[in-house]
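S.K.: After the structure tokens below, expect a handful of questions from me.
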Amino acid sequence: MSGADNRVELGEFLASRRARITPDQVGLPVYDAGKRRVPGLRRQEVATLAGLSIDYYTQLERGKAGGVSEAVLDAIARALQLDEAERAHLADLHRSIATGPARARPRARRSSIVRPMVQRLLDAMTVPAIVGNARQDLVAANALGYAFYAPLYPDPQHPDPSVPVNFVRFCFLDPRAHEFYPDWEFMADVAVNNLRTEAGRDPYDRGISDLVGELSTRSEEFRVRWAKHNVRLHQTGTKRFHHPVVGDLEVGYETMPIPADPGLVLTVYSPEPATPSADALSLLASWTATRPAATSEQDDMSR
């Protein structure tokens, strides 16, 4: 990805954010409703709300962000009513343009192997626990985590940890995803929005750009979502699954970055106690415990 690509990304992101806001939402009068050619705010209106000249804001939408201060970015964020994830994404895009490829990536973000200590931490957990990277590869897991995500592997009955799988690729290219994710539309949005967020944080990550290129050529559903420029912070929440062995599951999740391994994120899943999902997860744990061969394979991978 080049500096020109980043400037285009910034312009398209700003345009997509103002397109979703109407003048009424920000208290601006509309005198020519029948003549408006844009679905949301005009550039002039954003500039007015942010206290900028129209020429200055227009240059920003053209990707000319060198020398732009944090105060200006904050004014634009307020004018466009950006949420926390969108504000961070705007700052990431600005930084990538201002610093260029030599300084835009302060740390490696393509880790693919977890340290033995991290694997021991995973194995000590009694709930499904996984480690993923910036492009949403499943890098490592405990035995219950592999069993939980068995449908992502070619053979769900015998998931092979040595075969890397990717959550976004599975979501859009594997027909089993629609059965595994009862809320497929929501999960598809989450997958793309998370990937867009990571692409903004590190626009020079070749692994992410290659994955985006692959999915853009193979999935119309992915292309439509990618073009929306939506982003999100994937930190906590609840998800629903339909597991081929134990059926429906509704679990809460928490994500935690691993500071010593930049780019790797630990995710743990836990259902509400005394619920059908808790019973189903206990059943999955029992089923997993009867499969010593799979556990041995996972242990071998962590050494």
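Labels used: A, B, ... for chains in the order of the structure tokens, numbers from 1 for residues in each chain, and numbers from 1 for ligands as shown.
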From the DSSP assignment of the backbone, select every residue of range 33-154 of chain A that is strand (DSSP E), and format the answer as a PyMOL selection string.
M.R.: chain A and resi 129-132+137-141
S.K.: Fewer than 4 positions away in the same chain doesn't count, so skip those; otherwise give me all residues within 10 Å of range 223-231 of chain A, counting only C-alpha atoms, as an NGL selection string.
M.R.: :A and (9-10 or 12-17 or 83-89 or 188-200 or 212-213 or 215-219)
S.K.: Taking only residues of range 177-198 of chain A that have an atom at most 10 Å from an atom of range 245-251 of chain A, what is each one's shortest atom pair and its distance in Å to one decimal, using only C-alpha atoms, in chain and number order, as CSV?
M.R.:
residue,atom,partner,partner_atom,distance
A:Phe180,CA,A:Asp248,CA,9.1
A:Tyr181,CA,A:Asp248,CA,9.7
A:Pro182,CA,A:Asp248,CA,8.8
S.K.: Any chance you can output those residues with C-alpha atoms as a compact mmCIF listing (two decimals), in the first residue's frame?
M.R.:
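Final output, selection_0.txt:
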# COMPACT_ATOMS: atom_id res chain seq x y z
CA PHE A 180 -22.27 -21.67 12.50
CA TYR A 181 -23.23 -17.98 12.88
CA PRO A 182 -27.02 -17.67 13.35
S.K.: Please return, as number ranges by chain, all residues of range 57-211 of chain A that DSSP assigns to helix (DSSP H, G or I) on the basis of the backbone.
M.R.: A: 57-61, 70-79, 84-99, 101-104, 116-124, 143-148, 150-152, 167-173, 177-180, 184-201, 206-211
S.K.: To one decimal place, how far is CA of Thr238 in chain A from CA of Tyr253 in chain A in Å?
M.R.: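 A separation of 6.1 Å between them.
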S.K.: Tell me, as number ranges by chain, which residues lie within 6 Å of Gly11 in chain A, counting only C-alpha atoms; anything in the same chain fewer than 4 positions away does not count.
M.R.: A: 61-63
S.K.: For the selection just defined, write its residues with N, CA, C and O atoms to a file, as a compact mmCIF listing (two decimals), in the first residue's frame.
M.R.:
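In the end it all went to part_28.txt:
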# COMPACT_ATOMS: atom_id res chain seq x y z
N GLU A 61 -10.18 16.11 2.55
CA GLU A 61 -10.88 15.00 1.88
C GLU A 61 -10.12 14.52 0.66
O GLU A 61 -10.38 13.42 0.17
N ARG A 62 -9.19 15.31 0.19
CA ARG A 62 -8.33 14.87 -0.90
C ARG A 62 -7.05 14.23 -0.39
O ARG A 62 -6.15 13.93 -1.17
N GLY A 63 -7.00 14.02 0.91
CA GLY A 63 -5.87 13.30 1.50
C GLY A 63 -4.68 14.14 1.84
O GLY A 63 -3.64 13.59 2.24
S.K.: Quick one: everything within 9 Å of Ala141 in chain A, counting only C-alpha atoms, minus sequence neighbours fewer than 4 positions away in the same chain. Send it as a list in words.
M.R.: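 Skipping anything fewer than 4 positions along the chain leaves Gln119, Leu122, Asp123, Pro128, Ala129, Ile130, Val131, Gly132, Gly145, Tyr146, Pro161 and Gln298 of chain A.
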S.K.: Could you tell me how far CA of Asp155 in chain A sits from CA of Ala285 in chain A, in Å to one decimal place?
M.R.: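 Straight-line distance from CA of Ala285 in chain A to CA of Asp155 in chain A works out to 18.5 Å.
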S.K.: What separation in Å, quoted to one decimal, exists between CA of Asp174 in chain A and CA of Glu221 in chain A?
M.R.: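 A separation of 12.5 Å between them.
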S.K.: Rank nothing, just name the residue among A:Gly263, A:Gly27, A:Pro203, A:Pro164 nearest to Val8 in chain A, using only C-alpha atoms.
M.R.: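 So, comparing all the options, the nearest one is A:Pro203.
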S.K.: Which residues, written as a ChimeraX atom specification, have at least one atom at most 10 Å from Gln25 in chain A, with only C-alpha atoms counted and residues fewer than 2 positions away on the same chain left out?
M.R.: /A:20-23,27-28,40-41,81
S.K.: So which one's closest to Pro159 in chain A, A:Arg240, A:His234, A:Arg291, A:Arg37? Using only C-alpha atoms, please.
M.R.: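 Smallest distance to Pro159 in chain A is found for A:Arg291.
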S.K.: Within 8 Å of Leu73 in chain A, counting only C-alpha atoms, which residues show up once you throw out same-chain ones fewer than 5 positions away? Write them as number ranges by chain, please.
M.R.: A: 68, 90-91
